[in-house]
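To keep things clear, I will list the structure first and then write my remarks on it.
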Amino acid sequence: MVLSRAELKARLGDFARRFEELCGAVDYRASLERQSALELQMTRAGFWDDQERARRVVVELSDVKRTNDDFQALAKSLADARELAAIAVEEDDDSLLGELEPELDKVRQTLEELEIATILAGPYDKESAFLSVHAGAGGTDAADWTQILGRMYARWAEDQGYHVAVVDTVPAEEAGFRQMTLSIKGVRAYGYLKAEIGVHRLVRISPFDAKKRRHTSFAAVDVIPDAGEEIKVEIHDGDLKIDTFRAGGAGGQHVNVTDSAVRITHLPTGIVVQCQNERSQHSNRATAMKMLKARLIAIEEKKREDSHKQAYDEKGEIAWGNQIRSYVLQPYTLVKDLRSDHETGDVLGVLDGQLDPFIRAYLEWDAQRTASTAQ
């Protein structure tokens, strides 16, 4: 159905208003000036002498430039849409109005992405992330559910253009995993994925039940920021218990078995992290230490933020009454987030990584809740 002229005017007006609000929210002019300043730093003699400082500048420039490029592209799309709309109205040409539909969809999508990006203003929201899934109540079904969730997040991350790697797995006795940890590297990975922290509930006909009965199983998702070397946490050697153990590589149970896997226990807090999928014990230890630092930072952040009171170890039992989202495959199909109330009947699509609507709905809900609390 072709847009009416009134609908076209209203939609363009709404887009223009939202774009102006976005420019004000991020101080677009200051962002352009920051890009110029960072580019100037990179041209100065000796810039690469301090590798760590140079790396931080390059990462910041990449993020600032990406945001500025998105704003410039959005401004151009809005201008093109206004020009085409003016011609269509002047010439009274409904065919031109029809051509506007895809252009307006493009503008809407870019606007929504930038609006969400402006919400992610936390100290670690722009960082990469470590995401862990832990099996809860439900036995073998819960272990299988843990593996399904791990695949769902990997598919989502790949669709975003992020780099995904399995850092650690703890296989279950029959199928699936008791625990699975992913490293997801990319700008704002943590900011987006923090929407997934909590208990996830699955209802389905169990493939492990010979009588084909309906089973309910649970798994908990935990997400911590991967801020690389920028995470500054004081950890004393005496507070650590470091164990190495044997880990099998790809290709079979007894292929490439080494003592390279590393498990680190932080004695004061009881936090345990481990990594077994890097190529050397040194690399596994470095990754495990990075995860430990990130967990300690996350705990301190959550202590200060009411919205993050429920850290993983404080979620309570991974079972009934604690879930943030339900995935129902029987007797009907529905995925529903119990915080934002966003829902869809396309369960298989969600499990294949189509999480953006749920992440967006949560972030908008959380922003509104935070704003109302601050008033």
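By order in the structure tokens, chains are A, B, ...; within a chain, residues start at 1; ligands start at 1, following the order shown.
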
Contacts of Thr146 in chain A at 8 Å (only C-alpha atoms; same-chain gap of 2+ positions) as a VMD selection string:
chain A and resid 133 to 135 142 to 144 148 to 150 176 to 180 219

For the structure I just gave you, how does DSSP split range 17-151 of chain A - specifically, which residues are strand (DSSP E or B)? Reply as a compact mmCIF listing (two decimals) with C-alpha atoms, in the first residue's frame.
```txt
# COMPACT_ATOMS: atom_id res chain seq x y z
CA SER A 128 34.05 -6.79 24.05
CA ALA A 129 32.55 -9.47 26.28
CA PHE A 130 32.90 -12.87 27.85
CA LEU A 131 29.56 -14.69 27.88
CA SER A 132 29.02 -17.82 29.98
CA VAL A 133 26.04 -20.16 30.03
CA HIS A 134 25.50 -22.42 33.06
CA ALA A 135 23.10 -25.37 33.15
```

Ala6 in chain A: which residues within 12 Å, counting only C-alpha atoms, same-chain residues fewer than 6 positions away excluded, as a VMD selection string?
chain A and resid 12 to 13 85 89 97

Measuring atom to atom with only C-alpha atoms, identify which of A:Met152, A:Val328, A:Gly238, A:Val273 is nearest to Thr216 in chain A.
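Closest to Thr216 in chain A, using only C-alpha atoms: A:Val328.
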
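In terms of minimum interatomic distance to Ala294 in chain A, A:Val223 ranks closest within A:Val59, A:Arg339, A:Asp352, A:Val223, counting only C-alpha atoms.
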
Nearby residues (only C-alpha atoms) at most 9 Å from range 15-27 of chain A, same-chain spacing under 4 positions excluded, as an NGL selection string
:A and (10-11 or 31-32 or 71 or 74-75 or 78 or 107-108 or 111 or 114-115 or 118)

Keeping only C-alpha atoms, write the selected residues as an mmCIF file, in the first residue's frame.
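Generated file (again33.cif):
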```cif
data_model
loop_
_atom_site.group_PDB
_atom_site.id
_atom_site.type_symbol
_atom_site.label_atom_id
_atom_site.label_comp_id
_atom_site.auth_asym_id
_atom_site.auth_seq_id
_atom_site.Cartn_x
_atom_site.Cartn_y
_atom_site.Cartn_z
ATOM 1 C CA ALA A 10 4.273 12.618 9.637
ATOM 2 C CA ARG A 11 6.977 9.975 9.214
ATOM 3 C CA SER A 31 32.431 14.042 18.225
ATOM 4 C CA LEU A 32 33.694 15.397 14.896
ATOM 5 C CA PHE A 71 25.438 10.081 11.490
ATOM 6 C CA LEU A 74 21.755 9.029 8.212
ATOM 7 C CA ALA A 75 21.782 12.760 7.415
ATOM 8 C CA LEU A 78 17.100 11.839 5.388
ATOM 9 C CA VAL A 107 16.348 5.602 7.687
ATOM 10 C CA ARG A 108 14.231 3.979 10.422
ATOM 11 C CA LEU A 111 17.870 5.679 13.545
ATOM 12 C CA LEU A 114 21.968 4.920 16.718
ATOM 13 C CA GLU A 115 19.313 5.476 19.391
ATOM 14 C CA THR A 118 23.380 6.357 22.676
#
```

Have a look at CA of Gly270 in chain A and CA of Thr244 in chain A and let me know their distance in Å, one decimal.
17.6 Å

For Met289 in chain A, find every residue with an atom within 9 Å (counting only C-alpha atoms), except residues of its own chain fewer than 4 positions away, and show them as number ranges by chain.
A: 264, 273-274, 284-285, 293-294

Since we have the selection now, will you write its residues out, keeping N, CA, C and O atoms, as an mmCIF file, in the first residue's frame?
```cif
data_model
loop_
_atom_site.group_PDB
_atom_site.id
_atom_site.type_symbol
_atom_site.label_atom_id
_atom_site.label_comp_id
_atom_site.auth_asym_id
_atom_site.auth_seq_id
_atom_site.Cartn_x
_atom_site.Cartn_y
_atom_site.Cartn_z
ATOM 1 N N ILE A 264 41.880 -20.862 37.569
ATOM 2 C CA ILE A 264 42.317 -19.920 38.599
ATOM 3 C C ILE A 264 41.169 -19.693 39.575
ATOM 4 O O ILE A 264 40.048 -19.369 39.170
ATOM 5 N N VAL A 273 37.662 -19.209 37.437
ATOM 6 C CA VAL A 273 37.653 -19.038 35.982
ATOM 7 C C VAL A 273 38.616 -20.056 35.394
ATOM 8 O O VAL A 273 39.588 -20.455 36.042
ATOM 9 N N GLN A 274 38.341 -20.474 34.188
ATOM 10 C CA GLN A 274 39.263 -21.395 33.547
ATOM 11 C C GLN A 274 39.222 -21.218 32.044
ATOM 12 O O GLN A 274 38.239 -20.736 31.475
ATOM 13 N N ASN A 284 46.384 -19.534 27.853
ATOM 14 C CA ASN A 284 45.222 -19.886 28.666
ATOM 15 C C ASN A 284 45.235 -19.126 29.990
ATOM 16 O O ASN A 284 44.197 -18.651 30.461
ATOM 17 N N ARG A 285 46.415 -18.997 30.590
ATOM 18 C CA ARG A 285 46.515 -18.281 31.866
ATOM 19 C C ARG A 285 46.195 -16.796 31.663
ATOM 20 O O ARG A 285 45.485 -16.193 32.479
ATOM 21 N N LYS A 293 39.775 -10.626 36.225
ATOM 22 C CA LYS A 293 39.744 -9.180 36.434
ATOM 23 C C LYS A 293 38.381 -8.607 36.043
ATOM 24 O O LYS A 293 37.826 -7.752 36.734
ATOM 25 N N ALA A 294 37.864 -9.083 34.915
ATOM 26 C CA ALA A 294 36.566 -8.592 34.453
ATOM 27 C C ALA A 294 35.456 -8.950 35.433
ATOM 28 O O ALA A 294 34.545 -8.147 35.683
#
```

Exercise: Ala86 in chain A partners within 12 Å, only C-alpha atoms, chain neighbours under 2 positions left out, as an MDAnalysis selection string:
chainID A and resid 5 8:9 12 79:84 88:93 96:97 100

Could you jot down the CA of Val199 in chain A to CA of Phe358 in chain A separation for me, Å, one decimal place?
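That distance, rounded to one decimal, is 14.7 Å.
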
Residues near Pro331 in chain A, cut-off 10 Å, only C-alpha atoms, skip fewer than 6 positions along chain, as a compact mmCIF listing (two decimals) with all heavy atoms, in the first residue's frame:
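Contents of out.txt, as written:
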```txt
# COMPACT_ATOMS: atom_id res chain seq x y z
N VAL A 203 10.79 -24.71 27.39
CA VAL A 203 9.73 -25.72 27.50
C VAL A 203 9.62 -26.42 26.15
O VAL A 203 9.39 -25.77 25.13
CB VAL A 203 8.37 -25.08 27.87
CG1 VAL A 203 7.31 -26.17 28.00
CG2 VAL A 203 8.48 -24.28 29.17
N ARG A 204 9.77 -27.75 26.14
CA ARG A 204 9.73 -28.50 24.88
C ARG A 204 9.48 -29.98 25.16
O ARG A 204 9.55 -30.43 26.31
CB ARG A 204 11.05 -28.36 24.13
CG ARG A 204 12.22 -28.99 24.88
CD ARG A 204 13.49 -29.03 24.07
NE ARG A 204 14.59 -29.60 24.86
CZ ARG A 204 15.81 -29.84 24.39
NH1 ARG A 204 16.09 -29.57 23.13
NH2 ARG A 204 16.74 -30.37 25.17
N ILE A 205 9.20 -30.72 24.10
CA ILE A 205 9.17 -32.18 24.20
C ILE A 205 10.62 -32.64 24.26
O ILE A 205 11.40 -32.40 23.34
CB ILE A 205 8.47 -32.81 22.98
CG1 ILE A 205 7.01 -32.32 22.88
CG2 ILE A 205 8.53 -34.33 23.07
CD1 ILE A 205 6.14 -32.72 24.05
N ARG A 214 6.67 -33.51 27.87
CA ARG A 214 7.13 -32.13 27.87
C ARG A 214 7.97 -31.88 29.11
O ARG A 214 7.60 -32.23 30.22
CB ARG A 214 5.93 -31.18 27.84
CG ARG A 214 6.32 -29.74 27.57
CD ARG A 214 5.12 -28.87 27.22
NE ARG A 214 4.22 -28.69 28.34
CZ ARG A 214 2.94 -29.09 28.33
NH1 ARG A 214 2.44 -29.70 27.27
NH2 ARG A 214 2.17 -28.91 29.38
```

Have a look at A:Ile271, A:Pro171, A:Gly139, A:Ser260 and name the one nearest to Ser217 in chain A; count only C-alpha atoms.
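Using only C-alpha atoms, Ser217 in chain A sits closest to A:Gly139.
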
What does the distance from CA of Ala189 in chain A to CA of Gly349 in chain A come to in Å, to one decimal?
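The value is 20.4 Å.
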
Rank A:Asp239, A:Asp226, A:Glu113, A:Asp141 by their smallest atom-to-atom distance to Ala288 in chain A, using only C-alpha atoms, and report the top residue only.
A:Asp226

Given only C-alpha atoms as the basis, pick out the residue of A:Gly191, A:Pro357, A:Pro102, A:Gly198 nearest to Gly136 in chain A.
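Closest to Gly136 in chain A of all the choices is A:Gly198.
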
Tell me, which residues of range 4-60 of chain A carry DSSP alpha helix (DSSP H), written as a compact mmCIF listing (two decimals) with N, CA, C and O atoms, in the first residue's frame?
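So result-v8.txt came out as:
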```txt
# COMPACT_ATOMS: atom_id res chain seq x y z
N ARG A 5 0.06 11.12 1.57
CA ARG A 5 0.90 12.30 1.77
C ARG A 5 0.95 12.71 3.23
O ARG A 5 1.98 13.18 3.73
N ALA A 6 -0.15 12.51 3.94
CA ALA A 6 -0.18 12.84 5.37
C ALA A 6 0.75 11.91 6.16
O ALA A 6 1.49 12.34 7.06
N GLU A 7 0.71 10.61 5.81
CA GLU A 7 1.58 9.64 6.49
C GLU A 7 3.05 9.95 6.20
O GLU A 7 3.91 9.85 7.08
N LEU A 8 3.33 10.30 4.93
CA LEU A 8 4.70 10.62 4.55
C LEU A 8 5.21 11.83 5.34
O LEU A 8 6.33 11.81 5.87
N LYS A 9 4.39 12.87 5.43
CA LYS A 9 4.79 14.06 6.16
C LYS A 9 5.04 13.76 7.63
O LYS A 9 6.02 14.23 8.23
N ALA A 10 4.14 12.95 8.22
CA ALA A 10 4.27 12.62 9.64
C ALA A 10 5.53 11.80 9.90
O ALA A 10 6.26 12.04 10.87
N ARG A 11 5.81 10.84 9.01
CA ARG A 11 6.98 9.98 9.21
C ARG A 11 8.28 10.75 9.06
O ARG A 11 9.21 10.61 9.86
N LEU A 12 8.35 11.59 8.03
CA LEU A 12 9.56 12.40 7.84
C LEU A 12 9.76 13.37 8.99
O LEU A 12 10.90 13.60 9.43
N GLY A 13 8.66 13.93 9.49
CA GLY A 13 8.77 14.83 10.64
C GLY A 13 9.27 14.12 11.88
O GLY A 13 10.10 14.65 12.62
N ASP A 14 8.78 12.90 12.09
CA ASP A 14 9.22 12.11 13.23
C ASP A 14 10.70 11.77 13.12
O ASP A 14 11.46 11.88 14.10
N PHE A 15 11.13 11.37 11.92
CA PHE A 15 12.55 11.04 11.71
C PHE A 15 13.44 12.26 11.95
O PHE A 15 14.49 12.15 12.58
N ALA A 16 13.02 13.41 11.45
CA ALA A 16 13.81 14.63 11.62
C ALA A 16 13.94 15.01 13.10
O ALA A 16 15.02 15.39 13.57
N ARG A 17 12.83 14.87 13.84
CA ARG A 17 12.86 15.19 15.27
C ARG A 17 13.80 14.26 16.02
O ARG A 17 14.61 14.71 16.84
N ARG A 18 13.70 12.96 15.72
CA ARG A 18 14.56 11.99 16.40
C ARG A 18 16.03 12.19 16.06
O ARG A 18 16.91 12.01 16.91
N PHE A 19 16.30 12.57 14.81
CA PHE A 19 17.68 12.81 14.39
C PHE A 19 18.26 14.01 15.15
O PHE A 19 19.41 13.97 15.61
N GLU A 20 17.49 15.07 15.31
CA GLU A 20 17.95 16.24 16.05
C GLU A 20 18.22 15.88 17.52
O GLU A 20 19.21 16.34 18.11
N GLU A 21 17.35 15.06 18.09
CA GLU A 21 17.55 14.63 19.47
C GLU A 21 18.82 13.80 19.61
O GLU A 21 19.56 13.93 20.60
N LEU A 22 19.08 12.96 18.61
CA LEU A 22 20.29 12.14 18.63
C LEU A 22 21.54 13.01 18.57
O LEU A 22 22.50 12.79 19.32
N CYS A 23 21.53 13.99 17.68
CA CYS A 23 22.68 14.89 17.54
C CYS A 23 22.97 15.61 18.85
O CYS A 23 24.13 15.79 19.23
N GLY A 24 21.90 15.99 19.54
CA GLY A 24 22.08 16.66 20.83
C GLY A 24 22.57 15.70 21.90
O GLY A 24 23.41 16.05 22.73
N ALA A 25 22.08 14.47 21.86
CA ALA A 25 22.42 13.49 22.90
C ALA A 25 23.90 13.11 22.85
O ALA A 25 24.53 12.90 23.89
N VAL A 26 24.46 12.99 21.65
CA VAL A 26 25.86 12.57 21.53
C VAL A 26 26.81 13.73 21.30
O VAL A 26 28.02 13.54 21.24
N TYR A 28 27.19 15.78 18.49
CA TYR A 28 27.79 15.39 17.22
C TYR A 28 28.96 16.29 16.83
O TYR A 28 30.00 15.82 16.35
N ARG A 29 28.84 17.59 17.06
CA ARG A 29 29.92 18.51 16.69
C ARG A 29 31.18 18.19 17.50
O ARG A 29 32.30 18.16 16.95
N ALA A 30 31.02 17.92 18.79
CA ALA A 30 32.17 17.57 19.62
C ALA A 30 32.79 16.25 19.17
O ALA A 30 34.01 16.05 19.24
N SER A 31 31.94 15.33 18.71
CA SER A 31 32.43 14.04 18.22
C SER A 31 33.29 14.21 16.97
O SER A 31 34.33 13.55 16.81
N LEU A 32 32.89 15.11 16.09
CA LEU A 32 33.69 15.40 14.90
C LEU A 32 35.03 16.01 15.28
O LEU A 32 36.08 15.68 14.70
N GLU A 33 35.00 16.92 16.26
CA GLU A 33 36.25 17.53 16.73
C GLU A 33 37.16 16.50 17.37
O GLU A 33 38.39 16.56 17.19
N ARG A 34 36.58 15.56 18.11
CA ARG A 34 37.39 14.50 18.73
C ARG A 34 38.04 13.63 17.67
O ARG A 34 39.21 13.23 17.80
N GLN A 35 37.31 13.31 16.60
CA GLN A 35 37.89 12.52 15.51
C GLN A 35 39.10 13.23 14.91
O GLN A 35 40.15 12.62 14.68
N SER A 36 38.97 14.52 14.67
CA SER A 36 40.08 15.30 14.10
C SER A 36 41.28 15.30 15.04
O SER A 36 42.43 15.17 14.59
N ALA A 37 41.03 15.44 16.33
CA ALA A 37 42.12 15.47 17.31
C ALA A 37 42.86 14.13 17.35
O ALA A 37 44.10 14.09 17.43
N LEU A 38 42.10 13.03 17.31
CA LEU A 38 42.72 11.70 17.34
C LEU A 38 43.52 11.45 16.06
O LEU A 38 44.62 10.87 16.11
N GLU A 39 42.98 11.86 14.92
CA GLU A 39 43.70 11.69 13.66
C GLU A 39 44.99 12.49 13.68
O GLU A 39 46.02 12.04 13.15
N LEU A 40 44.98 13.68 14.29
CA LEU A 40 46.18 14.50 14.39
C LEU A 40 47.23 13.82 15.27
O LEU A 40 48.43 13.84 14.95
N GLN A 41 46.78 13.20 16.38
CA GLN A 41 47.72 12.49 17.25
C GLN A 41 48.46 11.40 16.49
O GLN A 41 49.67 11.20 16.69
N MET A 42 47.77 10.71 15.61
CA MET A 42 48.39 9.59 14.89
C MET A 42 49.43 10.05 13.88
O MET A 42 50.28 9.25 13.45
N THR A 43 49.40 11.31 13.49
CA THR A 43 50.38 11.81 12.51
C THR A 43 51.65 12.33 13.17
O THR A 43 52.63 12.60 12.48
N GLN A 51 53.27 1.62 22.55
CA GLN A 51 52.34 0.74 21.85
C GLN A 51 50.97 0.68 22.51
O GLN A 51 49.94 0.68 21.83
N GLU A 52 50.94 0.65 23.85
CA GLU A 52 49.65 0.53 24.55
C GLU A 52 48.83 1.81 24.37
O GLU A 52 47.62 1.75 24.09
N ARG A 53 49.48 2.96 24.51
CA ARG A 53 48.78 4.23 24.31
C ARG A 53 48.29 4.35 22.87
O ARG A 53 47.16 4.80 22.61
N ALA A 54 49.14 3.95 21.92
CA ALA A 54 48.76 4.01 20.50
C ALA A 54 47.56 3.12 20.22
O ALA A 54 46.65 3.50 19.48
N ARG A 55 47.53 1.94 20.85
CA ARG A 55 46.42 1.02 20.64
C ARG A 55 45.11 1.63 21.13
O ARG A 55 44.07 1.53 20.47
N ARG A 56 45.16 2.29 22.29
CA ARG A 56 43.94 2.91 22.84
C ARG A 56 43.43 4.02 21.91
O ARG A 56 42.22 4.16 21.72
N VAL A 57 44.37 4.79 21.36
CA VAL A 57 43.97 5.86 20.44
C VAL A 57 43.32 5.29 19.19
O VAL A 57 42.29 5.78 18.72
N VAL A 58 43.91 4.22 18.64
CA VAL A 58 43.39 3.61 17.42
C VAL A 58 41.99 3.05 17.66
O VAL A 58 41.07 3.21 16.84
N VAL A 59 41.79 2.39 18.81
CA VAL A 59 40.49 1.81 19.13
C VAL A 59 39.45 2.93 19.29
O VAL A 59 38.33 2.83 18.78
N GLU A 60 39.81 3.99 20.01
CA GLU A 60 38.87 5.10 20.20
C GLU A 60 38.53 5.77 18.88
O GLU A 60 37.37 6.10 18.60
```

The residue from A:Glu343, A:Asp94, A:Glu112, A:Asp356 with the smallest atom-to-atom distance to Arg155 in chain A, counting only C-alpha atoms, is A:Asp356
